[in-house]
Every structure is written in C-alpha cells, then in structure tokens.
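Read the structure below first, then the notes.
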Amino acid sequence: REIFGLVWENMEGPNPVQVWRKKDRYEMRFGNRVVQSSCLRSDPHQLMLSYTRHMMLCLLLVPEPCKVLHIGLGGGTVPNFLHRLFPELEQTVIELNEAVLEAACQFFGFEEDSRRKVIITDAVEGVMSLEENYDLIFLDAYGPCSAPEELISIPFVTRLSELLIPGGWAVGNFWTLNGDFEEHSSRWKLIFPTLYQARTRPTANKILFGRKNGKAALNGSLKERAYFLQKKTGLDMLKMLVNFEKIL
C-alpha cells in the first residue's frame with residue numbers, strides 16, 4: 001500500500017529538506033507548509049506551480065536560449081521543462097544544499113548530464129567564479145520563509161547582469177505577501193534598463209524580467225509570439241500574457 005505524507009527528509013544542510021507524497025504529485029518543503037517545488041508523479045517535466053509557468057513568459061523574450069543559469073535548484077522542475085523543450089540547451093545550476101539535489105534526483109525526475117550540471121556552493125561565491133555568459137538567468141533561491149538577503153541585493157543582481165549576454169534577460173521570482181516587492185522592483189530598475197513584471201495570482205508571487213543592454217531581434221508582437229509558444233510548450237501563454245506588463 002502506498003504511503004502518503006512525508007516520505008523523505010534530510011536535516012543535515014542549512015535547511016531541513018522534505019519530500020511529501022500526495023495522490024498525484026510530490027512536493028518539496030523546507031520544514032514548514034510552504035511548497036517550494038511540485039511535480040506530477042506521472043510526468044515530472046510538467047510545471048505544476050503557477051509561478052514556474054509564469055517564469056516561462058521569458059520565452060517570449062528569448063525564444064531560443066542556448067545557455068541558461070539557475071540560482072537555486074528546488075525540485076529542478078524548470079530545468080527539466082527547458083531540457084525537454086530545447087534539445088541543444090546547456091544549463092548550469094548553483095545550489096547551496098546538497099540535500100536539495102538529492103531530493104530532486106530521487107523524486108522530481110531531475111538528473112545531471114552533458115547538458116545539465118549542478119554546482120554545490122554558496123551562490124555569492126559561485127557567481128564570481130563563472131566565466132561563461134548566459135541568455136537567461138533564473139533567480140529563484142528561497143529558504144523556508146524568504147529569499148536570503150544577499151541573493152536579492154544590488155551587488156548580487158548586478159553580478160547576474162554582468163553574466164548575461166548583451167540583450168539577455170534575468171528572471172526573478174519574488175513573494176509579495178511579506179510586503180517588500182516594491183523594494184526588489186526598485187533595485188532591479190537601477191540595474192536593468194528594460195523591466196517587465198508578471199503577477200501569478202492576486203496575492204501570490206510576482207516575477208520580474210530584466211534585460212541587459214542590447215537589442216532583441218524578435219519577430220511579431222507579444223501576442224503572436226505567445227500564440228506560437230502556446231502550441232510549442234503546452235502552456236497557456238495567451239492567458240498569462242494578460243498578467244505581463246512593461247514597467248520600465
């Protein structure tokens with residue numbers, strides 16, 4: 001008989017890492033009720049959480065990424081999704097907690113291979129040692145209750161902008177319930193000359209999309225690109241586009 005509820009736990013790292021089994025999915029939590037990652041047990045490549053789907057609005061801006069950097073692994077659902085969608089894509093992940101990687105591999109269908117590598121290190125130190133440049137950088141590093149302050153600071157986000165190719169985009173996930181989103185937005189306005197945002201649900205996350213200097217060679221309107229990507233990704237891009245707005 002299948003066991004539901006808490007099925008795996010590691011208390012050794014900076015935060016407790018737990019995996020909870022539900023009827024149709026696995027959830028990753030960091031010792032509280034906040035769901036950090038979720039995946040369908042039958043298809044771990046689908047994006048179950050609304051905020052991860054809204055992050056994919058970045059594909060309207062970078063429709064064919066070649067190199068992607070992720071700050072924070074979670075269950076690896078975004079790297080999984082992109083890995084299947086783009087057969088040539090190379091992805092690098094910086095993750096602090098080795099237990100997160102272990103859980104992602106064991107329950108969420110993530111694996112390292114020639115196109116996906118994980119660096120276990122502190123992100124502040126890790127980004128300083130990187131020498132490549134990226135089309136997209138995802139900032140989605142959270143502890144049990146909030147993002148570490150040093151990973152949402154102006155110096156850190158400035159370093160991420162330096163790692164982007166000209167015209168590349170940074171994509172940041174931010175909680176809005178703690179009331180500091182405007183502060184994060186004001187920091188990104190200082191760093192990125194072009195800025196979009198998307199609200200995932202009325203009281204939940206907001207996603208920021210910041211572009212480094214450089215022209216984007218894109219065909220068609222956002223709506224036309226959303227229609228094409230909807231067919232390619234299976235995501236409801238047209239519906240999400242309603243929540244997508246330029247703020248800078």
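A note on labels: chains of the structure tokens are A, B, ... as shown, every chain counts residues from 1, and ligands are counted from 1 in their shown order.
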
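DSSP secondary structure from the backbone places A:Ser50, A:Tyr51, A:Thr52, A:Arg53, A:His54, A:Met55, A:Thr77, A:Val78 of segment 24-78 of chain A in alpha helix (DSSP H).
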
Could you please take those selected residues and save N, CA, C and O atoms as a PDB file, in the first residue's frame?
ATOM      1  N   SER A  50       2.090  27.728 -10.385  1.00  0.00           N
ATOM      2  CA  SER A  50       1.765  28.862 -11.242  1.00  0.00           C
ATOM      3  C   SER A  50       2.973  29.758 -11.484  1.00  0.00           C
ATOM      4  O   SER A  50       3.187  30.239 -12.601  1.00  0.00           O
ATOM      5  N   TYR A  51       3.790  29.977 -10.469  1.00  0.00           N
ATOM      6  CA  TYR A  51       4.900  30.909 -10.649  1.00  0.00           C
ATOM      7  C   TYR A  51       5.924  30.369 -11.633  1.00  0.00           C
ATOM      8  O   TYR A  51       6.536  31.142 -12.388  1.00  0.00           O
ATOM      9  N   THR A  52       6.130  29.041 -11.673  1.00  0.00           N
ATOM     10  CA  THR A  52       7.086  28.490 -12.634  1.00  0.00           C
ATOM     11  C   THR A  52       6.557  28.624 -14.059  1.00  0.00           C
ATOM     12  O   THR A  52       7.320  28.881 -14.990  1.00  0.00           O
ATOM     13  N   ARG A  53       5.247  28.469 -14.223  1.00  0.00           N
ATOM     14  CA  ARG A  53       4.673  28.657 -15.565  1.00  0.00           C
ATOM     15  C   ARG A  53       4.824  30.112 -16.013  1.00  0.00           C
ATOM     16  O   ARG A  53       5.160  30.381 -17.176  1.00  0.00           O
ATOM     17  N   HIS A  54       4.584  31.049 -15.099  1.00  0.00           N
ATOM     18  CA  HIS A  54       4.723  32.460 -15.463  1.00  0.00           C
ATOM     19  C   HIS A  54       6.175  32.836 -15.746  1.00  0.00           C
ATOM     20  O   HIS A  54       6.433  33.759 -16.534  1.00  0.00           O
ATOM     21  N   MET A  55       7.117  32.162 -15.120  1.00  0.00           N
ATOM     22  CA  MET A  55       8.521  32.419 -15.446  1.00  0.00           C
ATOM     23  C   MET A  55       8.812  32.127 -16.920  1.00  0.00           C
ATOM     24  O   MET A  55       9.707  32.724 -17.519  1.00  0.00           O
ATOM     25  N   THR A  77      12.316  21.525 -11.530  1.00  0.00           N
ATOM     26  CA  THR A  77      11.219  21.443 -12.493  1.00  0.00           C
ATOM     27  C   THR A  77      11.422  22.378 -13.687  1.00  0.00           C
ATOM     28  O   THR A  77      11.102  22.008 -14.820  1.00  0.00           O
ATOM     29  N   VAL A  78      11.945  23.576 -13.461  1.00  0.00           N
ATOM     30  CA  VAL A  78      12.194  24.488 -14.580  1.00  0.00           C
ATOM     31  C   VAL A  78      13.317  23.960 -15.473  1.00  0.00           C
ATOM     32  O   VAL A  78      13.157  23.910 -16.702  1.00  0.00           O
TER      33      VAL A  78
END

Skipping near chain neighbours, those fewer than 2 positions away, what residues fall within 6 Å of Val17 of chain A using only C-alpha atoms, listed as an MDAnalysis selection string?
chainID A and resid 9:10 30

Using all heavy atoms, can you write the selected residues to a file as a CSV table (one decimal), in the first residue's frame?
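Once written, out_5.csv looks like this:
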chain,number,residue,atom,x,y,z
A,9,GLU,N,13.3,12.9,4.2
A,9,GLU,CA,13.7,14.1,5.0
A,9,GLU,C,15.2,14.1,5.2
A,9,GLU,O,15.8,13.0,5.5
A,9,GLU,CB,13.0,14.1,6.3
A,9,GLU,CG,13.2,15.4,7.1
A,9,GLU,CD,12.3,15.5,8.4
A,9,GLU,OE1,12.1,14.4,9.0
A,9,GLU,OE2,11.9,16.6,8.7
A,10,ASN,N,15.8,15.2,5.1
A,10,ASN,CA,17.3,15.4,5.3
A,10,ASN,C,17.4,16.6,6.2
A,10,ASN,O,17.1,17.7,5.7
A,10,ASN,CB,18.1,15.5,4.0
A,10,ASN,CG,19.6,15.5,4.3
A,10,ASN,OD1,20.1,16.3,5.0
A,10,ASN,ND2,20.3,14.6,3.6
A,30,PHE,N,10.7,23.0,3.0
A,30,PHE,CA,11.9,23.2,3.8
A,30,PHE,C,11.5,23.3,5.3
A,30,PHE,O,11.7,24.3,6.0
A,30,PHE,CB,12.6,24.5,3.4
A,30,PHE,CG,13.3,24.4,2.0
A,30,PHE,CD1,13.6,25.5,1.3
A,30,PHE,CD2,13.6,23.2,1.4
A,30,PHE,CE1,14.2,25.5,0.1
A,30,PHE,CE2,14.2,23.1,0.2
A,30,PHE,CZ,14.5,24.2,-0.5

Would you please work out which residue, of A:Glu183, A:Asp43, A:Glu64, A:Asp236, is nearest to Ile154 of chain A when using only C-alpha atoms?
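With only C-alpha atoms as the atom set, the closest residue is A:Glu183.
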
Which of these residues is nearest to Trp8 of chain A, using only C-alpha atoms: A:Val171, A:Ala103, A:Ile165, A:Ile247?
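Using only C-alpha atoms, the shortest distance to Trp8 of chain A belongs to A:Ala103.
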
Quick one: residues within 9 Å of Pro44 of chain A, only C-alpha atoms counted, chain neighbours fewer than 6 positions away excluded, as a PyMOL selection string?
chain A and resi 25+38+77+80-81+107-110

Just want the 10 Å neighbourhood of Asp135 of chain A, counted on only C-alpha atoms, with same-chain residues fewer than 5 positions away dropped. Output as a list in words.
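These residues fall inside the cut-off: Val62, Glu64, Pro65, Cys66, Lys67, Val68, Leu69, Leu163, Leu164, Ile165, Pro166, Gly167, Gly168, Trp169, Ala170, Arg211 and Lys212 of chain A.
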
Strand (DSSP E or B) positions in segment 7-246 of chain A, given as a ChimeraX atom specification
/A:7-10,17-21,25-29,35-40,67-71,90-95,113,116-120,134-139,164-174,194-199,206-211,244-246

Looking at only C-alpha atoms, which of A:Ser42, A:Met56, A:Val35, A:Leu49 is the one that sits closest to Thr233 of chain A?
A:Met56

Neighbouring residues of Glu245 of chain A were defined as those with any atom within 10 Å, considering only C-alpha atoms; residues of the same chain fewer than 6 positions away were excluded. Please report them as a PDB file with C-alpha atoms, in the first residue's frame.
ATOM      1  CA  LEU A 195      11.891  45.687 -16.977  1.00  0.00           C
ATOM      2  CA  TYR A 196       8.691  43.649 -17.148  1.00  0.00           C
ATOM      3  CA  GLN A 197       6.658  42.058 -14.390  1.00  0.00           C
ATOM      4  CA  ALA A 198       4.022  39.332 -14.195  1.00  0.00           C
ATOM      5  CA  ARG A 199       1.663  38.631 -11.310  1.00  0.00           C
ATOM      6  CA  LEU A 208      10.486  40.306 -12.664  1.00  0.00           C
ATOM      7  CA  PHE A 209      12.103  40.174 -16.103  1.00  0.00           C
TER       8      PHE A 209
END

Please provide as a short mmCIF file (atom, residue, chain, number, x, y, z; two decimals) with N, CA, C and O atoms, in the first residue's frame all residues within 12 Å of Lys223 of chain A, with the sequence filter that same-chain residues fewer than 6 positions apart are discarded (counting only C-alpha atoms).
data_model
loop_
_atom_site.label_atom_id
_atom_site.label_comp_id
_atom_site.auth_asym_id
_atom_site.auth_seq_id
_atom_site.Cartn_x
_atom_site.Cartn_y
_atom_site.Cartn_z
N LEU A 57 7.22 33.00 -19.37
CA LEU A 57 6.98 34.15 -20.24
C LEU A 57 8.28 34.71 -20.79
O LEU A 57 8.28 35.43 -21.79
N LEU A 60 8.98 34.45 -24.47
CA LEU A 60 8.53 35.48 -25.40
C LEU A 60 9.66 36.42 -25.76
O LEU A 60 9.65 37.05 -26.82
N LEU A 61 10.63 36.53 -24.86
CA LEU A 61 11.73 37.48 -25.00
C LEU A 61 13.00 36.82 -25.50
O LEU A 61 13.82 37.44 -26.17
N LEU A 229 4.19 30.05 -28.98
CA LEU A 229 4.77 29.34 -27.84
C LEU A 229 3.74 28.49 -27.12
O LEU A 229 4.09 27.46 -26.52
N GLN A 230 2.49 28.89 -27.16
CA GLN A 230 1.45 28.10 -26.54
C GLN A 230 1.38 26.72 -27.20
O GLN A 230 1.24 25.70 -26.52
N ASP A 236 -0.49 27.86 -21.23
CA ASP A 236 -1.49 28.83 -21.64
C ASP A 236 -0.85 30.22 -21.68
O ASP A 236 -1.12 31.09 -20.85
N MET A 237 0.01 30.42 -22.68
CA MET A 237 0.76 31.66 -22.79
C MET A 237 -0.14 32.88 -23.00
O MET A 237 0.13 33.96 -22.48
N LEU A 238 -1.21 32.72 -23.77
CA LEU A 238 -2.10 33.85 -24.04
C LEU A 238 -2.79 34.32 -22.76
O LEU A 238 -2.95 35.53 -22.54
N LYS A 239 -3.17 33.38 -21.91
CA LYS A 239 -3.79 33.75 -20.64
C LYS A 239 -2.77 34.44 -19.73
O LYS A 239 -3.08 35.45 -19.08
N MET A 240 -1.55 33.91 -19.68
CA MET A 240 -0.53 34.51 -18.82
C MET A 240 -0.10 35.87 -19.33
O MET A 240 0.31 36.74 -18.55
N LEU A 241 -0.18 36.07 -20.64
CA LEU A 241 0.23 37.34 -21.23
C LEU A 241 -0.59 38.51 -20.68
O LEU A 241 -0.11 39.64 -20.59
N VAL A 242 -1.83 38.25 -20.26
CA VAL A 242 -2.68 39.29 -19.66
C VAL A 242 -2.03 39.85 -18.39
O VAL A 242 -2.23 41.03 -18.05
N PHE A 244 1.21 40.17 -17.90
CA PHE A 244 2.57 40.56 -18.26
C PHE A 244 2.58 42.03 -18.65
O PHE A 244 1.86 42.43 -19.56
#

Closest to Arg201 of chain A among A:Ser186, A:Ser37, A:Thr176, A:Asn97, using only C-alpha atoms?
A:Thr176

Taking only C-alpha atoms into account, name the residue in A:Leu47, A:Phe4, A:Gly214, A:Asp180 that is nearest to Glu149 of chain A.
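The closest residue to Glu149 of chain A is A:Asp180.
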
Please provide as a PDB file with all heavy atoms, in the first residue's frame all residues within 12 Å of Pro14 of chain A, with the sequence filter that same-chain residues fewer than 4 positions apart are discarded (counting only C-alpha atoms).
ATOM      1  N   ASN A  10      15.835  15.212   5.051  1.00  0.00           N
ATOM      2  CA  ASN A  10      17.254  15.370   5.333  1.00  0.00           C
ATOM      3  C   ASN A  10      17.429  16.633   6.165  1.00  0.00           C
ATOM      4  O   ASN A  10      17.053  17.726   5.737  1.00  0.00           O
ATOM      5  CB  ASN A  10      18.055  15.461   4.024  1.00  0.00           C
ATOM      6  CG  ASN A  10      19.555  15.466   4.255  1.00  0.00           C
ATOM      7  OD1 ASN A  10      20.071  16.256   5.031  1.00  0.00           O
ATOM      8  ND2 ASN A  10      20.263  14.579   3.567  1.00  0.00           N
ATOM      9  N   PHE A  30      10.699  22.973   2.961  1.00  0.00           N
ATOM     10  CA  PHE A  30      11.875  23.208   3.805  1.00  0.00           C
ATOM     11  C   PHE A  30      11.461  23.292   5.270  1.00  0.00           C
ATOM     12  O   PHE A  30      11.717  24.269   5.964  1.00  0.00           O
ATOM     13  CB  PHE A  30      12.604  24.481   3.376  1.00  0.00           C
ATOM     14  CG  PHE A  30      13.251  24.395   2.019  1.00  0.00           C
ATOM     15  CD1 PHE A  30      13.573  25.541   1.316  1.00  0.00           C
ATOM     16  CD2 PHE A  30      13.555  23.165   1.447  1.00  0.00           C
ATOM     17  CE1 PHE A  30      14.183  25.471   0.068  1.00  0.00           C
ATOM     18  CE2 PHE A  30      14.155  23.081   0.200  1.00  0.00           C
ATOM     19  CZ  PHE A  30      14.469  24.236  -0.487  1.00  0.00           C
ATOM     20  N   GLY A  31      10.754  22.276   5.748  1.00  0.00           N
ATOM     21  CA  GLY A  31      10.450  22.181   7.170  1.00  0.00           C
ATOM     22  C   GLY A  31       9.215  22.928   7.611  1.00  0.00           C
ATOM     23  O   GLY A  31       8.950  23.022   8.817  1.00  0.00           O
ATOM     24  N   GLU A  95      23.399  25.623  -6.453  1.00  0.00           N
ATOM     25  CA  GLU A  95      22.535  25.231  -5.340  1.00  0.00           C
ATOM     26  C   GLU A  95      23.391  25.077  -4.088  1.00  0.00           C
ATOM     27  O   GLU A  95      24.448  24.455  -4.113  1.00  0.00           O
ATOM     28  CB  GLU A  95      21.817  23.923  -5.665  1.00  0.00           C
ATOM     29  CG  GLU A  95      21.067  23.282  -4.511  1.00  0.00           C
ATOM     30  CD  GLU A  95      20.037  24.201  -3.869  1.00  0.00           C
ATOM     31  OE1 GLU A  95      19.228  24.789  -4.605  1.00  0.00           O
ATOM     32  OE2 GLU A  95      20.069  24.336  -2.621  1.00  0.00           O
ATOM     33  N   LEU A  96      22.915  25.642  -2.990  1.00  0.00           N
ATOM     34  CA  LEU A  96      23.668  25.606  -1.741  1.00  0.00           C
ATOM     35  C   LEU A  96      23.604  24.253  -1.049  1.00  0.00           C
ATOM     36  O   LEU A  96      24.597  23.770  -0.501  1.00  0.00           O
ATOM     37  CB  LEU A  96      23.134  26.691  -0.794  1.00  0.00           C
ATOM     38  CG  LEU A  96      23.734  26.762   0.602  1.00  0.00           C
ATOM     39  CD1 LEU A  96      25.221  27.112   0.531  1.00  0.00           C
ATOM     40  CD2 LEU A  96      22.989  27.784   1.452  1.00  0.00           C
ATOM     41  N   ASN A  97      22.441  23.622  -1.074  1.00  0.00           N
ATOM     42  CA  ASN A  97      22.171  22.464  -0.224  1.00  0.00           C
ATOM     43  C   ASN A  97      22.198  21.176  -1.040  1.00  0.00           C
ATOM     44  O   ASN A  97      21.364  20.959  -1.916  1.00  0.00           O
ATOM     45  CB  ASN A  97      20.802  22.642   0.447  1.00  0.00           C
ATOM     46  CG  ASN A  97      20.568  21.672   1.581  1.00  0.00           C
ATOM     47  OD1 ASN A  97      21.233  20.637   1.684  1.00  0.00           O
ATOM     48  ND2 ASN A  97      19.620  21.996   2.441  1.00  0.00           N
ATOM     49  N   GLU A  98      23.147  20.312  -0.741  1.00  0.00           N
ATOM     50  CA  GLU A  98      23.268  19.055  -1.486  1.00  0.00           C
ATOM     51  C   GLU A  98      22.038  18.165  -1.319  1.00  0.00           C
ATOM     52  O   GLU A  98      21.699  17.376  -2.204  1.00  0.00           O
ATOM     53  CB  GLU A  98      24.528  18.296  -1.034  1.00  0.00           C
ATOM     54  CG  GLU A  98      24.948  17.224  -1.990  1.00  0.00           C
ATOM     55  CD  GLU A  98      26.412  16.841  -1.833  1.00  0.00           C
ATOM     56  OE1 GLU A  98      27.083  17.373  -0.926  1.00  0.00           O
ATOM     57  OE2 GLU A  98      26.879  16.011  -2.635  1.00  0.00           O
ATOM     58  N   ALA A  99      21.332  18.305  -0.182  1.00  0.00           N
ATOM     59  CA  ALA A  99      20.119  17.509   0.033  1.00  0.00           C
ATOM     60  C   ALA A  99      19.024  17.878  -0.968  1.00  0.00           C
ATOM     61  O   ALA A  99      18.204  17.030  -1.345  1.00  0.00           O
ATOM     62  CB  ALA A  99      19.610  17.687   1.458  1.00  0.00           C
ATOM     63  N   VAL A 100      18.981  19.132  -1.398  1.00  0.00           N
ATOM     64  CA  VAL A 100      18.008  19.555  -2.413  1.00  0.00           C
ATOM     65  C   VAL A 100      18.272  18.809  -3.718  1.00  0.00           C
ATOM     66  O   VAL A 100      17.342  18.312  -4.371  1.00  0.00           O
ATOM     67  CB  VAL A 100      18.070  21.082  -2.623  1.00  0.00           C
ATOM     68  CG1 VAL A 100      17.257  21.491  -3.855  1.00  0.00           C
ATOM     69  CG2 VAL A 100      17.559  21.809  -1.390  1.00  0.00           C
ATOM     70  N   THR A 121      27.430  25.065  -4.083  1.00  0.00           N
ATOM     71  CA  THR A 121      28.247  26.113  -3.476  1.00  0.00           C
ATOM     72  C   THR A 121      27.333  27.263  -3.056  1.00  0.00           C
ATOM     73  O   THR A 121      26.166  27.319  -3.444  1.00  0.00           O
ATOM     74  CB  THR A 121      29.318  26.633  -4.466  1.00  0.00           C
ATOM     75  OG1 THR A 121      30.202  27.523  -3.787  1.00  0.00           O
ATOM     76  CG2 THR A 121      28.688  27.395  -5.626  1.00  0.00           C
ATOM     77  N   ASP A 122      27.875  28.168  -2.268  1.00  0.00           N
ATOM     78  CA  ASP A 122      27.187  29.404  -1.950  1.00  0.00           C
ATOM     79  C   ASP A 122      27.079  30.248  -3.216  1.00  0.00           C
ATOM     80  O   ASP A 122      28.061  30.437  -3.942  1.00  0.00           O
ATOM     81  CB  ASP A 122      27.968  30.167  -0.882  1.00  0.00           C
ATOM     82  CG  ASP A 122      27.355  31.513  -0.560  1.00  0.00           C
ATOM     83  OD1 ASP A 122      26.389  31.545   0.203  1.00  0.00           O
ATOM     84  OD2 ASP A 122      27.837  32.516  -1.109  1.00  0.00           O
ATOM     85  N   TYR A 142      15.253  30.303  -2.410  1.00  0.00           N
ATOM     86  CA  TYR A 142      14.491  30.601  -1.194  1.00  0.00           C
ATOM     87  C   TYR A 142      14.872  29.663  -0.066  1.00  0.00           C
ATOM     88  O   TYR A 142      15.184  28.492  -0.295  1.00  0.00           O
ATOM     89  CB  TYR A 142      12.984  30.488  -1.457  1.00  0.00           C
ATOM     90  CG  TYR A 142      12.391  31.754  -2.012  1.00  0.00           C
ATOM     91  CD1 TYR A 142      12.484  32.039  -3.367  1.00  0.00           C
ATOM     92  CD2 TYR A 142      11.776  32.677  -1.177  1.00  0.00           C
ATOM     93  CE1 TYR A 142      11.966  33.225  -3.880  1.00  0.00           C
ATOM     94  CE2 TYR A 142      11.250  33.862  -1.682  1.00  0.00           C
ATOM     95  CZ  TYR A 142      11.352  34.127  -3.034  1.00  0.00           C
ATOM     96  OH  TYR A 142      10.855  35.295  -3.536  1.00  0.00           O
ATOM     97  N   GLY A 143      14.839  30.203   1.158  1.00  0.00           N
ATOM     98  CA  GLY A 143      14.884  29.389   2.346  1.00  0.00           C
ATOM     99  C   GLY A 143      13.467  29.067   2.769  1.00  0.00           C
ATOM    100  O   GLY A 143      12.519  29.226   1.991  1.00  0.00           O
ATOM    101  N   PRO A 144      13.271  28.637   4.012  1.00  0.00           N
ATOM    102  CA  PRO A 144      11.927  28.262   4.469  1.00  0.00           C
ATOM    103  C   PRO A 144      10.904  29.391   4.383  1.00  0.00           C
ATOM    104  O   PRO A 144       9.730  29.142   4.126  1.00  0.00           O
ATOM    105  CB  PRO A 144      12.161  27.833   5.922  1.00  0.00           C
ATOM    106  CG  PRO A 144      13.595  27.435   5.983  1.00  0.00           C
ATOM    107  CD  PRO A 144      14.306  28.346   5.026  1.00  0.00           C
ATOM    108  N   PRO A 148      17.285  34.635   0.763  1.00  0.00           N
ATOM    109  CA  PRO A 148      18.418  35.209   1.502  1.00  0.00           C
ATOM    110  C   PRO A 148      18.710  36.623   1.005  1.00  0.00           C
ATOM    111  O   PRO A 148      18.761  36.865  -0.198  1.00  0.00           O
ATOM    112  CB  PRO A 148      19.569  34.248   1.167  1.00  0.00           C
ATOM    113  CG  PRO A 148      18.904  32.976   0.745  1.00  0.00           C
ATOM    114  CD  PRO A 148      17.630  33.380   0.083  1.00  0.00           C
TER     115      PRO A 148
END

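When atom CA of Ala104 of chain A is paired with atom CA of Gly75 of chain A, their separation reads 4.5 Å.
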